[in-house]
Protein chains: 2
Amino acid sequence: MARWQPDAQERLQHAAMTLFLERGYDEVTVAEIADRAGLTRRTYFNYFADKREVLFSGAATFEREIIDAVLAAPAAVSSVDVVMGALGTVGAALTAWGEPVRQRQRVVESATELRERELIKMDALVTALADALHQRGVERLTATLVAQVGVAVYRTAFQQWAESSGPRDLAPIMDDAIRRIRAAVGPAAPLSAR
Amino acid sequence: MARWQPDAQERLQHAAMTLFLERGYDEVTVAEIADRAGLTRRTYFNYFADKREVLFSGAATFEREIIDAVLAAPAAVSSVDVVMGALGTVGAALTAWGEPVRQRQRVVESATELRERELIKMDALVTALADALHQRGVERLTATLVAQVGVAVYRTAFQQWAESSGPRDLAPIMDDAIRRIRAAVGPAAPLSAR
């Protein structure tokens, strides 16, 4: 077997998704994924730290693109708008892939250890977003809270998108979600505003 | 060894915390926890499903008390106030225990598999809170978003409390957090309010 495998990572991901959808995540071994991809177990572990990671290889890029968008936003934009804009833009690029993204989401939700990994990645995204907002001059605690609200909106909107079928834009679902939060938490300063 | 162990669960929890603080979570085995408590490994697994669960045995009660408070709140109270009130009351009872709760939190944050378990429990709390709000007549999607904002506020406030020392009330930290979110997300209907 050649040591240079130009598309080994993609082949492993494709093989993993195929097997997970065929037989269920818990029933598939790393050796079987490697075998289906025509590669070895050792090659698998050159690319992914464990069986779960084959489904999360895009997480680092996803996070970096969001953080780059936050840091690139004009200084005058409010913290919530910066976060919503960054999550909306990167989320739109992700959901544009359509059905494969929905399939992956169904696999993630099918196993507790995958849901745990997803939650850890989302928690890391909250921390990275909070750091980026803080770099923009937002007070540390407010940055953490805004990052949490932003990721909550994103996750809820993404979930709705994943449960729907056919082409659907993420942005209006996110806009609707932030409007609902605005309405629920109420005005910032009710007395002085009257 | 007697089969009836009136305080076996508490002894196991105490032994686990002592060992985790002494040697670090990763270095301790279930057999060692049981041994330190003067019990068997089998008894341990009568009480806890795995090594992690010994730190999360209170999670079910914590969740139930919060949900009971949500369902018992007067109908006129807004969804955000209901959630903040329930999390604030139950959180205050938890943090009143002081140092042992801070110690547990430090252990949870010391190991990825414990952070994962904590995130799964918090995610289950979000789902339960959303269901309870929906039972109170709140629209499903708004209920999910309010539950997520509430749990984000609680987690952030609890984190601040855990990092401080000495007696400190959780309620004002949570109030400050929700005020920051209100200010950040802005007015619900800026145009009609002018």
# chains A, B, ... in the order shown; residues from 1 in each chain; ligands from 1
$ closest_atom_pairs --of "chain A" --to "chain B" --cutoff "7 Å" --atoms "only C-alpha atoms" --output "CSV"
residue,atom,partner,partner_atom,distance
A:Val80,CA,B:Val185,CA,6.1
A:Glu116,CA,B:Glu116,CA,5.4
A:Leu119,CA,B:Leu119,CA,6.4
A:Ile120,CA,B:Glu116,CA,6.2
A:Thr142,CA,B:Arg180,CA,6.1
A:Leu145,CA,B:Ile181,CA,6.6
A:Val146,CA,B:Ile181,CA,6.7
A:Gln148,CA,B:Ala152,CA,6.2
A:Val149,CA,B:Val149,CA,6.1
A:Ala152,CA,B:Gln148,CA,6.2
A:Arg180,CA,B:Thr142,CA,6.1
A:Ile181,CA,B:Leu145,CA,6.6
A:Arg182,CA,B:Ala188,CA,4.9
A:Ala183,CA,B:Ala188,CA,5.0
A:Ala184,CA,B:Val80,CA,6.3
A:Val185,CA,B:Val80,CA,6.1
A:Gly186,CA,B:Ala188,CA,6.5
A:Pro187,CA,B:Pro187,CA,5.1
A:Ala188,CA,B:Arg182,CA,4.8
$ select_by_dssp --residues "range 50-102 of chain A" --states "helix (DSSP H, G or I)" --output "PyMOL selection string"
chain A and resi 52-55+59-72+79-95+99-102
$ residues_around --residues "Ala34 in chain B" --least-positions-apart "6" --cutoff "10 Å" --atoms "only C-alpha atoms" --output "VMD selection string"
chain B and resid 8 11 to 13 15 to 16 40 to 45
$ residues_around --residues "Phe62 in chain A" --least-positions-apart "6" --cutoff "12 Å" --atoms "only C-alpha atoms" --output "mmCIF file with C-alpha atoms, in the first residue's frame"
data_model
loop_
_atom_site.group_PDB
_atom_site.id
_atom_site.type_symbol
_atom_site.label_atom_id
_atom_site.label_comp_id
_atom_site.auth_asym_id
_atom_site.auth_seq_id
_atom_site.Cartn_x
_atom_site.Cartn_y
_atom_site.Cartn_z
ATOM 1 C CA PHE A 56 -15.641 16.078 13.833
ATOM 2 C CA ASP A 68 -11.862 35.155 11.881
ATOM 3 C CA ALA A 69 -15.251 36.643 10.972
ATOM 4 C CA ALA A 86 -20.197 35.196 12.061
ATOM 5 C CA LEU A 87 -22.256 32.137 13.052
ATOM 6 C CA GLY A 88 -24.799 32.906 10.329
ATOM 7 C CA THR A 89 -22.232 33.216 7.536
ATOM 8 C CA VAL A 90 -20.222 30.119 8.454
ATOM 9 C CA GLY A 91 -23.384 28.175 9.266
ATOM 10 C CA ALA A 92 -24.851 29.081 5.860
ATOM 11 C CA ALA A 93 -21.741 27.715 4.113
ATOM 12 C CA LEU A 94 -22.061 24.491 6.118
ATOM 13 C CA THR A 95 -25.790 23.981 5.541
ATOM 14 C CA LYS A 121 -16.808 21.225 20.635
ATOM 15 C CA MET A 122 -19.652 23.710 21.090
ATOM 16 C CA ALA A 124 -14.884 25.206 23.042
ATOM 17 C CA LEU A 125 -16.543 27.422 20.418
ATOM 18 C CA ALA A 128 -13.119 30.949 21.574
ATOM 19 C CA LEU A 129 -15.974 33.342 20.698
#
$ atom_distance --atom1 "CA of Ala132 in chain B" --atom2 "CA of Ala60 in chain B"
15.3 Å
$ atom_distance --atom1 "CA of Gln159 in chain A" --atom2 "CA of Arg140 in chain A"
28.5 Å
$ atom_distance --atom1 "CA of Asp169 in chain B" --atom2 "CA of Gly58 in chain B"
20.5 Å
$ residues_around --residues "Leu19 in chain A" --least-positions-apart "2" --cutoff "12 Å" --atoms "only C-alpha atoms" --output "JSON, numbers by chain"
{"A": [12, 13, 14, 15, 16, 17, 21, 22, 23, 24, 25, 26, 27, 28, 29, 30, 31, 32, 33, 34, 35, 36, 37, 104, 107]}
